[in-house]
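Asks: Below is the file data.csv, with CSV, C-alpha atoms.
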chain,number,residue,atom,x,y,z
A,4,MET,CA,101.9,98.4,188.2
A,5,PRO,CA,101.8,99.4,191.9
A,6,VAL,CA,102.3,103.1,191.3
A,7,SER,CA,99.8,105.0,193.4
A,8,LEU,CA,97.1,106.3,191.2
A,9,ASN,CA,95.4,108.2,194.1
A,10,ASN,CA,98.6,109.9,195.2
A,11,SER,CA,99.6,110.7,191.6
A,12,ARG,CA,96.2,112.4,191.3
A,13,LEU,CA,96.7,114.3,194.5
A,14,ILE,CA,100.0,115.7,193.2
A,15,TYR,CA,98.6,116.5,189.8
A,16,ASP,CA,95.6,118.3,191.3
A,17,ALA,CA,97.9,120.3,193.6
A,18,LEU,CA,99.9,121.5,190.6
A,19,LYS,CA,96.7,122.5,188.8
A,20,ALA,CA,95.3,124.2,191.9
A,21,ASN,CA,98.4,126.4,192.0
A,22,GLY,CA,98.2,127.5,188.4
A,23,VAL,CA,100.7,125.2,186.8
A,24,SER,CA,99.8,124.9,183.1
A,25,LEU,CA,102.9,123.5,181.5
A,26,VAL,CA,104.6,120.3,182.6
A,27,SER,CA,107.8,118.8,181.1
A,28,ALA,CA,108.6,115.2,181.7
A,29,LEU,CA,110.7,112.3,180.8
A,30,PRO,CA,108.9,109.1,181.6
A,31,GLU,CA,109.9,107.0,184.6
A,32,THR,CA,107.9,104.3,186.3
A,33,TRP,CA,106.7,106.4,189.3
A,34,LEU,CA,105.6,109.3,187.0
A,35,VAL,CA,103.5,107.4,184.5
A,36,HIS,CA,100.1,108.3,186.0
A,37,MET,CA,100.9,112.0,186.3
A,38,ILE,CA,102.2,112.1,182.7
A,39,ARG,CA,99.0,110.4,181.5
A,40,MET,CA,96.9,112.9,183.5
A,41,ALA,CA,98.8,115.8,181.8
A,42,GLU,CA,98.4,114.2,178.4
A,43,GLU,CA,94.7,113.8,178.8
A,44,ASP,CA,94.1,117.3,180.3
A,45,PRO,CA,93.1,119.7,177.5
A,46,VAL,CA,94.2,122.8,179.5
A,47,MET,CA,97.7,121.4,180.3
A,48,THR,CA,100.7,121.6,178.0
A,49,LEU,CA,102.8,118.5,178.3
A,50,VAL,CA,106.2,118.5,176.8
A,51,ARG,CA,107.9,115.1,176.6
A,52,LEU,CA,111.7,115.7,176.6
A,53,ALA,CA,114.6,113.8,175.2
A,54,LYS,CA,116.7,114.7,178.1
A,55,GLU,CA,115.8,116.4,181.4
A,56,GLU,CA,118.0,119.5,181.1
A,57,GLU,CA,115.9,120.7,178.1
A,58,GLY,CA,113.1,121.1,180.7
A,59,VAL,CA,115.1,123.7,182.5
A,60,GLY,CA,115.3,125.8,179.4
A,61,LEU,CA,111.7,125.2,178.6
A,62,SER,CA,110.6,126.2,182.0
A,63,ALA,CA,112.8,129.3,181.9
A,64,GLY,CA,111.2,130.4,178.6
A,65,ALA,CA,107.7,129.7,179.9
A,66,HIS,CA,108.4,131.7,183.1
A,67,LEU,CA,109.8,134.7,181.1
A,68,ALA,CA,106.7,134.5,178.9
A,69,GLY,CA,104.3,134.4,181.9
A,70,THR,CA,103.5,130.7,182.4
A,71,LYS,CA,103.8,128.7,185.5
A,72,SER,CA,105.4,125.3,184.9
A,73,ALA,CA,106.7,122.2,186.7
A,74,MET,CA,109.2,119.6,185.8
A,75,LEU,CA,108.6,115.9,186.4
A,76,MET,CA,111.8,113.9,186.5
A,77,GLN,CA,113.7,111.1,188.2
A,78,ASN,CA,116.6,111.9,190.5
A,79,HIS,CA,119.0,110.7,187.8
A,80,GLY,CA,117.4,113.2,185.4
A,81,PHE,CA,118.0,115.9,188.0
A,82,LEU,CA,121.6,114.8,188.2
A,83,ALA,CA,121.8,115.1,184.5
A,84,SER,CA,120.4,118.6,184.6
A,85,VAL,CA,122.8,120.2,187.1
A,86,ASN,CA,124.6,122.6,184.7
A,87,ALA,CA,121.3,123.8,183.3
A,88,ILE,CA,120.0,124.4,186.8
A,89,VAL,CA,123.2,126.4,187.7
A,90,SER,CA,123.9,128.2,184.4
A,91,CYS,CA,120.3,128.9,183.4
A,92,ALA,CA,117.9,128.7,186.4
A,93,GLN,CA,120.2,130.0,189.1
A,94,LEU,CA,122.3,132.4,187.0
A,95,TYR,CA,119.1,134.0,185.7
A,96,ARG,CA,117.0,133.7,188.8
A,97,ILE,CA,114.3,131.5,187.4
A,98,PRO,CA,111.7,130.0,189.8
A,99,LEU,CA,111.7,126.3,188.9
A,100,LEU,CA,109.5,123.7,190.5
A,101,MET,CA,111.1,120.4,190.2
A,102,LEU,CA,109.3,117.2,191.3
A,103,ILE,CA,111.9,114.6,191.5
A,104,SER,CA,111.2,110.9,192.2
A,105,LEU,CA,113.7,109.7,194.8
A,106,ARG,CA,114.7,106.3,193.5
A,107,GLY,CA,117.4,104.3,195.2
A,108,ASP,CA,116.2,105.0,198.7
A,109,PHE,CA,115.0,102.5,201.4
A,110,GLY,CA,113.1,99.7,199.7
A,111,GLU,CA,114.7,100.0,196.3
A,112,LYS,CA,115.0,96.7,194.5
A,113,ASP,CA,116.6,97.9,191.3
A,114,PRO,CA,120.4,97.8,191.7
A,115,TRP,CA,120.9,100.5,189.1
A,116,GLN,CA,119.0,103.1,191.0
A,117,THR,CA,121.0,102.8,194.2
A,118,GLU,CA,123.9,105.2,193.6
A,119,GLY,CA,121.6,108.1,192.6
A,120,GLY,CA,119.6,107.6,195.7
A,121,LEU,CA,122.7,108.1,197.8
A,122,VAL,CA,123.7,111.5,196.3
A,123,THR,CA,120.4,113.3,195.4
A,124,GLU,CA,119.9,115.2,198.7
A,125,HIS,CA,123.6,116.0,198.9
A,126,VAL,CA,123.6,117.5,195.5
A,127,LEU,CA,120.4,119.5,196.3
A,128,LYS,CA,122.2,120.8,199.4
A,129,ALA,CA,125.4,121.6,197.5
A,130,LEU,CA,123.4,123.6,195.0
A,131,ARG,CA,121.5,125.4,197.8
A,132,ILE,CA,118.2,124.3,196.4
A,133,PRO,CA,115.5,124.3,199.1
A,134,TYR,CA,113.7,121.0,199.1
A,135,ASN,CA,111.1,119.0,201.0
A,136,LEU,CA,109.9,115.4,200.9
A,137,LEU,CA,106.5,114.2,199.8
A,138,GLU,CA,106.2,111.0,201.8
A,139,HIS,CA,102.6,111.0,202.8
A,140,PRO,CA,99.4,112.2,201.1
A,141,GLY,CA,99.0,114.8,203.8
A,142,HIS,CA,102.2,116.5,202.6
A,143,VAL,CA,101.2,116.9,199.0
A,144,ALA,CA,98.9,120.0,198.7
A,145,ASP,CA,100.6,121.9,201.4
A,146,ARG,CA,104.2,121.4,200.4
A,147,ILE,CA,103.5,122.0,196.7
A,148,ARG,CA,101.8,125.3,197.5
A,149,LYS,CA,104.5,126.4,199.8
A,150,GLY,CA,107.3,125.3,197.4
A,151,LEU,CA,105.8,127.3,194.6
A,152,THR,CA,105.4,130.3,196.9
A,153,LEU,CA,109.1,130.1,197.9
A,154,ALA,CA,110.2,129.6,194.3
A,155,SER,CA,108.2,132.6,193.2
A,156,ALA,CA,109.3,134.9,196.1
A,157,SER,CA,113.0,134.0,195.7
A,158,ASN,CA,113.1,133.6,191.9
A,159,ARG,CA,115.0,130.4,192.5
A,160,PRO,CA,114.6,126.6,191.9
A,161,VAL,CA,112.9,124.5,194.6
A,162,ALA,CA,112.5,120.7,194.7
A,163,LEU,CA,110.0,118.3,196.1
A,164,LEU,CA,111.2,114.7,196.4
A,165,LEU,CA,108.6,112.1,195.6
A,166,CYS,CA,109.3,109.3,198.0
A,167,ARG,CA,108.6,105.6,197.8
A,168,ASP,CA,105.9,105.6,200.6
A,169,LEU,CA,103.9,108.1,198.6
A,170,MET,CA,104.4,106.7,195.1
A,171,TRP,CA,104.6,103.0,195.4
A,172,GLU,CA,101.9,100.6,196.8
A,173,GLU,CA,103.4,97.3,197.6
B,14,MET,CA,129.7,135.5,155.2
B,15,ARG,CA,130.4,137.3,158.4
B,16,ARG,CA,127.9,136.8,161.2
B,17,ILE,CA,127.8,140.5,162.0
B,18,GLU,CA,126.7,141.2,158.4
B,19,ALA,CA,124.1,138.5,158.7
B,20,LEU,CA,122.8,140.1,161.9
B,21,LYS,CA,122.7,143.5,160.2
B,22,GLY,CA,120.7,142.0,157.3
B,23,ILE,CA,117.9,140.7,159.6
B,24,TYR,CA,118.1,143.4,162.3
B,25,PRO,CA,114.8,145.1,161.2
B,26,GLU,CA,113.0,141.8,161.6
B,27,LEU,CA,114.7,141.0,164.9
B,28,GLU,CA,113.4,144.4,166.3
B,29,ARG,CA,109.9,143.1,165.7
B,30,SER,CA,110.6,139.6,167.2
B,31,VAL,CA,111.2,138.0,170.5
B,32,VAL,CA,114.9,137.1,170.2
B,33,VAL,CA,116.9,134.5,172.3
B,34,THR,CA,120.6,134.2,171.6
B,35,ILE,CA,123.4,132.0,172.8
B,36,MET,CA,126.5,133.3,174.6
B,37,GLY,CA,129.6,134.7,173.2
B,38,ALA,CA,130.1,136.4,169.8
B,39,VAL,CA,126.4,136.2,168.8
B,40,ALA,CA,125.3,138.0,172.0
B,41,ALA,CA,128.0,140.6,171.8
B,42,GLU,CA,127.6,141.3,168.1
B,43,LEU,CA,123.8,141.7,168.3
B,44,GLN,CA,124.3,144.1,171.3
B,45,SER,CA,126.8,146.1,169.2
B,46,LEU,CA,124.1,146.6,166.6
B,47,GLY,CA,121.7,147.9,169.3
B,48,HIS,CA,120.1,146.1,172.3
B,49,ARG,CA,116.3,146.0,172.5
B,50,PRO,CA,114.2,144.9,175.5
B,51,ASN,CA,112.9,142.0,173.5
B,52,PHE,CA,116.4,140.5,173.1
B,53,PHE,CA,117.5,137.9,175.6
B,54,TYR,CA,121.1,136.7,175.7
B,55,LEU,CA,121.5,133.3,177.4
B,56,GLN,CA,125.0,133.9,178.5
B,57,HIS,CA,125.7,130.3,179.6
B,58,ALA,CA,123.8,127.0,179.7
B,59,MET,CA,125.1,126.0,176.3
B,60,GLY,CA,122.5,124.2,174.2
B,61,LEU,CA,119.5,125.5,176.0
B,62,ALA,CA,118.7,128.6,173.9
B,63,SER,CA,116.5,126.5,171.6
B,64,SER,CA,114.7,124.9,174.6
B,65,LEU,CA,114.2,128.3,176.2
B,66,GLY,CA,112.9,129.8,172.9
B,67,MET,CA,110.5,126.8,172.6
B,68,GLY,CA,109.2,127.5,176.1
B,69,ILE,CA,108.3,131.0,175.0
B,70,ALA,CA,106.9,130.0,171.6
B,71,LEU,CA,104.7,127.2,173.0
B,72,THR,CA,103.2,129.3,175.7
B,73,ARG,CA,102.8,132.5,173.6
B,74,PRO,CA,101.8,131.4,170.1
B,75,GLU,CA,101.1,135.0,169.1
B,76,LEU,CA,104.7,136.0,169.5
B,77,PRO,CA,107.2,135.6,166.6
B,78,VAL,CA,110.2,134.0,168.3
B,79,VAL,CA,113.7,133.8,166.8
B,80,VAL,CA,116.5,131.8,168.4
B,81,LEU,CA,120.0,132.6,167.3
B,82,ASP,CA,122.0,129.4,168.1
B,83,GLY,CA,125.4,128.2,167.2
B,84,ASP,CA,127.0,125.0,166.1
B,85,GLY,CA,128.9,124.4,169.3
B,86,SER,CA,125.7,125.0,171.3
B,87,ILE,CA,123.3,123.0,169.3
B,88,LEU,CA,125.8,120.1,169.3
B,89,MET,CA,125.3,120.0,173.1
B,90,ASN,CA,121.5,119.6,172.7
B,91,LEU,CA,120.8,117.6,169.6
B,92,GLY,CA,118.0,115.8,171.4
B,93,GLY,CA,116.3,119.1,171.8
B,94,LEU,CA,115.8,119.2,168.0
B,95,THR,CA,113.6,116.1,168.3
B,96,THR,CA,111.6,117.8,171.0
B,97,LEU,CA,111.2,121.0,168.9
B,98,ALA,CA,110.1,118.9,165.9
B,99,ARG,CA,107.7,116.9,168.1
B,100,TYR,CA,105.8,120.0,169.4
B,101,ARG,CA,106.4,122.1,166.2
B,102,PRO,CA,105.8,125.6,167.5
B,103,ARG,CA,105.0,127.4,164.2
B,104,ASN,CA,106.0,130.8,165.6
B,105,LEU,CA,109.6,129.7,166.2
B,106,LEU,CA,112.5,130.4,163.8
B,107,HIS,CA,115.7,128.6,164.8
B,108,VAL,CA,118.8,130.1,163.2
B,109,ILE,CA,122.1,128.2,163.7
B,110,PHE,CA,125.2,130.3,162.9
B,111,ASP,CA,127.7,127.6,162.0
B,112,ASN,CA,131.3,128.7,162.0
B,113,GLU,CA,132.6,125.2,162.5
B,114,SER,CA,134.3,126.4,165.6
B,115,LEU,CA,134.2,127.0,169.3
B,116,LEU,CA,135.3,130.5,168.7
B,117,SER,CA,135.1,132.0,172.1
B,118,VAL,CA,137.5,129.4,173.6
B,119,GLY,CA,140.1,129.8,171.0
B,120,GLY,CA,138.6,128.5,167.8
B,121,PHE,CA,138.8,124.8,168.3
B,122,PRO,CA,137.0,123.0,165.4
B,123,THR,CA,133.6,121.4,166.0
B,124,ALA,CA,132.3,118.3,164.3
B,125,THR,CA,130.7,120.5,161.6
B,126,SER,CA,134.2,121.2,160.4
B,127,THR,CA,134.6,117.5,159.5
B,128,GLY,CA,131.2,117.1,157.7
B,129,THR,CA,128.4,117.0,160.3
B,130,ASP,CA,125.4,118.5,158.6
B,131,LEU,CA,123.2,120.4,161.1
B,132,ALA,CA,120.5,121.1,158.6
B,133,GLY,CA,120.5,117.4,157.7
B,134,ILE,CA,120.2,116.5,161.4
B,135,ALA,CA,117.4,119.0,161.9
B,136,LYS,CA,115.5,117.6,158.9
B,137,ALA,CA,116.0,114.0,160.1
B,138,ALA,CA,114.8,115.1,163.5
B,139,GLY,CA,111.6,116.1,161.9
B,140,ILE,CA,111.9,119.9,161.7
B,141,PRO,CA,109.4,120.7,158.9
B,142,ARG,CA,111.4,123.5,157.2
B,143,THR,CA,115.2,123.4,157.0
B,144,ALA,CA,117.7,125.2,154.9
B,145,SER,CA,121.5,125.8,154.8
B,146,VAL,CA,122.9,129.0,153.3
B,147,ASN,CA,126.4,130.4,152.9
B,148,THR,CA,125.7,133.9,151.3
B,149,LEU,CA,124.3,137.0,152.9
B,150,ASP,CA,121.6,137.4,150.3
B,151,GLY,CA,120.7,133.7,150.6
B,152,PHE,CA,120.5,134.1,154.4
B,153,VAL,CA,118.3,137.2,154.4
B,154,SER,CA,115.9,135.8,151.9
B,155,GLU,CA,115.6,132.4,153.7
B,156,PHE,CA,115.2,134.2,157.0
B,157,ARG,CA,112.3,136.3,155.6
B,158,ALA,CA,110.7,133.3,153.9
B,159,ALA,CA,110.8,131.4,157.2
B,160,LEU,CA,109.1,134.3,159.1
B,161,ALA,CA,106.4,134.4,156.4
B,162,ALA,CA,106.0,130.6,156.3
B,163,ASP,CA,104.3,130.3,159.7
B,164,ASP,CA,106.0,127.0,160.5
B,165,LEU,CA,108.9,125.8,162.5
B,166,THR,CA,112.2,126.3,160.6
B,167,THR,CA,115.8,125.6,161.3
B,168,LEU,CA,118.0,127.8,159.2
B,169,VAL,CA,121.7,127.0,159.2
B,170,ALA,CA,124.0,129.9,158.1
B,171,LYS,CA,127.6,129.0,157.4
B,172,VAL,CA,129.6,132.0,158.7
B,173,ASP,CA,133.3,132.9,159.1
B,174,ALA,CA,135.0,132.0,162.4
B,175,VAL,CA,135.5,135.6,163.4
B,176,GLY,CA,134.0,137.6,166.2
B,177,PRO,CA,134.3,140.8,168.2
B,178,PRO,CA,137.4,141.5,170.2
B,179,SER,CA,135.5,141.1,173.5
B,180,PHE,CA,132.4,139.2,174.5
B,181,LEU,CA,131.8,141.3,177.6
B,182,THR,CA,129.1,144.0,177.4
B,183,ASP,CA,127.8,146.5,179.9
B,184,LEU,CA,124.4,144.9,180.1
B,185,GLY,CA,123.9,143.0,183.3
B,186,LEU,CA,122.6,139.4,183.0
B,187,LEU,CA,119.8,140.0,185.5
B,188,GLU,CA,119.0,143.5,184.0
B,189,ASN,CA,118.5,141.8,180.7
B,190,ARG,CA,116.4,139.0,182.2
B,191,PHE,CA,114.0,141.2,184.0
B,192,GLN,CA,113.8,143.7,181.2
B,193,PHE,CA,113.0,140.9,178.8
B,194,GLN,CA,110.3,139.4,181.0
B,195,ARG,CA,108.7,142.8,181.2
B,196,ALA,CA,108.9,143.3,177.5
B,197,LEU,CA,107.0,140.0,176.9
B,198,LYS,CA,104.4,141.0,179.5
B,199,GLU,CA,103.8,144.3,177.8
B,200,TRP,CA,104.0,143.0,174.3
B,201,GLY,CA,101.2,144.3,172.2
B,202,LYS,CA,99.8,146.6,174.9
In C-alpha cells, how does this file's structure come out?

Replies:
Amino acid sequence: MPVSLNNSRLIYDALKANGVSLVSALPETWLVHMIRMAEEDPVMTLVRLAKEEEGVGLSAGAHLAGTKSAMLMQNHGFLASVNAIVSCAQLYRIPLLMLISLRGDFGEKDPWQTEGGLVTEHVLKALRIPYNLLEHPGHVADRIRKGLTLASASNRPVALLLCRDLMWEE
Amino acid sequence: MRRIEALKGIYPELERSVVVTIMGAVAAELQSLGHRPNFFYLQHAMGLASSLGMGIALTRPELPVVVLDGDGSILMNLGGLTTLARYRPRNLLHVIFDNESLLSVGGFPTATSTGTDLAGIAKAAGIPRTASVNTLDGFVSEFRAALAADDLTTLVAKVDAVGPPSFLTDLGLLENRFQFQRALKEWGK
C-alpha cells in the first residue's frame, strides 16, 4: 500500500511533540499508518469510532477534562460531522484539531471520492474554520504546531488537510 | 415516574459526580433543583452527550461521570453505544430518560413508543451492565448500584412525557462551559 510511512510518522510525531495524548479515528486508507502508530503507542489513547461526529463529543469531553486531542478522519467524515462541529465545538468554543485526508482532489482514481473533494474547502470556509494544507513534509511540524496554537488561543476548531502529495507515494 | 422526581432521588449522588446532560427538559429540570459547577448541559449537538461524557471518563478515570441522556438523543447516536462498550470506561454511568417522545418539539413519539428497547440495544452493543426501570424506587436503587459497581452501565428509566414550562434558564452556555472546565481542573484539590 503506497501510503507514505515516513510522512505518517512525521505527522504522528508532530502530534506527540505538541502534547496530543488522545486520538480519535475512523479508518481510511491514508490514515492506516497513523492509526497503527497510535494503537502501538502505550502513552496514546486511541478511540476507534463508529462515526466521525462522535469524535467531536469525545474531543470536547477530553478538552474540558484537560487533555489535548486530535481527530483523524477523511473529508467525508468531516462532512458527516458538520452539526457536531457547529452545535458542540463552535457553540461551546472547543479547540478541536482536525486532521482531514483530502480525498477526491487532483490524482484521485476512486470515482466515489470525487464529490467530497470538490466541496471540502468550501465547507471549511463556510464554517469559518481556519485551515491549512499539509502537502509537503516541510509543512508538517510547523503547521501542526501553529494550528494547535491557534485552536488553543481562539478556543475554536482548526483543520489541516492531508494532501495526496504528502500521503500517497505512487 | 416523573423525570424531575427521578432527578431529585439521585441529586445527592449527582452533587458528587461529574454530570453531563442533554438539552431541553433534562437540563432545565436539573438546574431547577440546583446548578452545580460540576454539571454541564450540552444544549445542542443531540446524541453527543454520551460521547462527551466518554471523553471525560476515559481521560480522567478517577472521576465518577454520569451522563443524563434521552431517548431522542441516543437514537441519533446508537453507534456511540458500540464505542462506549468497546472502551468500557468503568467510571461512566449512562442514564437514558426514555419518555418515548421528542418532548421539547411538541411531543412527537420516538421509536421507543413502538417497541424499540434501548436497554436491549445497549446490551447487544456490549455495554456490560444494563437495566430498565419504571419506578422511582427502582431507578434510585439501580442508580446507586451502578455507581457502586465500578463498571460501565446504561440505565434506562421510563419516565412520563412531561417537562417544565420553559427550557430556557439564566445560565449562559459559555458561562457553564468555562465554569465546568474549571471545576474539573480543580476537582479533588

Asks: How many Å separate CA of Gly119 (chain A) from CA of Leu169 (chain A)?

Replies: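 Here the two named atoms are 18.7 Å from each other.
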
Asks: Do me a favour and pick out the residues of chain A within 7 Å of chain B, using only C-alpha atoms, as a ChimeraX atom specification.

Replies: /A:52-54,57,60-65,67-68,70,86-87,90-91,95

Asks: Quick one: residues within 7 Å of region 74-76 of chain A, all atoms listed in the file, excluding same-chain residues fewer than 2 positions away - as a PDB file with C-alpha atoms, in the coordinates of the input?

Replies:
ATOM      1  CA  VAL A  26     104.600 120.300 182.600  1.00  0.00           C
ATOM      2  CA  SER A  27     107.800 118.800 181.100  1.00  0.00           C
ATOM      3  CA  ALA A  28     108.600 115.200 181.700  1.00  0.00           C
ATOM      4  CA  LEU A  29     110.700 112.300 180.800  1.00  0.00           C
ATOM      5  CA  GLU A  55     115.800 116.400 181.400  1.00  0.00           C
ATOM      6  CA  GLY A  58     113.100 121.100 180.700  1.00  0.00           C
ATOM      7  CA  SER A  72     105.400 125.300 184.900  1.00  0.00           C
ATOM      8  CA  ASN A  78     116.600 111.900 190.500  1.00  0.00           C
ATOM      9  CA  GLY A  80     117.400 113.200 185.400  1.00  0.00           C
ATOM     10  CA  PHE A  81     118.000 115.900 188.000  1.00  0.00           C
ATOM     11  CA  LEU A 100     109.500 123.700 190.500  1.00  0.00           C
ATOM     12  CA  MET A 101     111.100 120.400 190.200  1.00  0.00           C
ATOM     13  CA  LEU A 102     109.300 117.200 191.300  1.00  0.00           C
ATOM     14  CA  ILE A 103     111.900 114.600 191.500  1.00  0.00           C
ATOM     15  CA  SER A 104     111.200 110.900 192.200  1.00  0.00           C
TER      16      SER A 104
END

Asks: Between CA of Ala20 (chain A) and CA of Ala154 (chain A), what is the spacing in Å?

Replies: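 These two atoms are separated by 16.0 Å.
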
Asks: What does the distance between CA of Gln44 (chain B) and CA of Thr166 (chain B) come to in Å, to one decimal place?

Replies: 24.0 Å

Asks: Quick one: residues within 12 Å of Arg146 (chain A), only C-alpha atoms counted, chain neighbours fewer than 3 positions away excluded, as a PyMOL selection string?

Replies: chain A and resi 13-14+17-18+21+100+102+133-143+149-154+161-165

Asks: List the neighbours of Thr127 (chain B) out to 12 Å using all atoms listed in the file; skip same-chain residues closer than 3 positions along the sequence, and give me the result as a VMD selection string.

Replies: chain B and resid 112 to 114 122 to 124 130 to 131

Asks: Which of these, A:Ser155, A:Val126, A:Glu172, A:His66, has the shortest distance to Ala83 (chain A) once you count only C-alpha atoms?

Replies: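 Ranking A:Ser155, A:Val126, A:Glu172, A:His66 by distance to Ala83 (chain A), first place goes to A:Val126.
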
Asks: Just the residues within 7 Å of Gly107 (chain A), please, counting all atoms listed in the file, with nothing from its chain fewer than 3 positions along; format it as a PyMOL selection string.

Replies: chain A and resi 111+116-120

Asks: Taking 4 positions as the minimum chain separation for residues in the same chain, which residues sit within 8 Å of Ser24 (chain A) when counting only C-alpha atoms? Answer as an mmCIF file with C-alpha atoms, in the coordinates of the input.

Replies:
data_model
loop_
_atom_site.group_PDB
_atom_site.id
_atom_site.type_symbol
_atom_site.label_atom_id
_atom_site.label_comp_id
_atom_site.auth_asym_id
_atom_site.auth_seq_id
_atom_site.Cartn_x
_atom_site.Cartn_y
_atom_site.Cartn_z
ATOM 1 C CA LYS A 19 96.700 122.500 188.800
ATOM 2 C CA VAL A 46 94.200 122.800 179.500
ATOM 3 C CA MET A 47 97.700 121.400 180.300
ATOM 4 C CA THR A 48 100.700 121.600 178.000
ATOM 5 C CA THR A 70 103.500 130.700 182.400
ATOM 6 C CA LYS A 71 103.800 128.700 185.500
ATOM 7 C CA SER A 72 105.400 125.300 184.900
#

Asks: Compare B:His48, B:Lys171, B:His107, B:Arg15 by their minimum atom-to-atom distance to Ala135 (chain B), counting only C-alpha atoms, and give me the closest one.

Replies: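 Closest to Ala135 (chain B), using only C-alpha atoms: B:His107.
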
Asks: Return the single residue from A:Cys166, A:Leu8, A:Ala156, A:Leu121 that is closest to Met40 (chain A), with distances computed using all atoms listed in the file.

Replies: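 Ranking A:Cys166, A:Leu8, A:Ala156, A:Leu121 by distance to Met40 (chain A), first place goes to A:Leu8.
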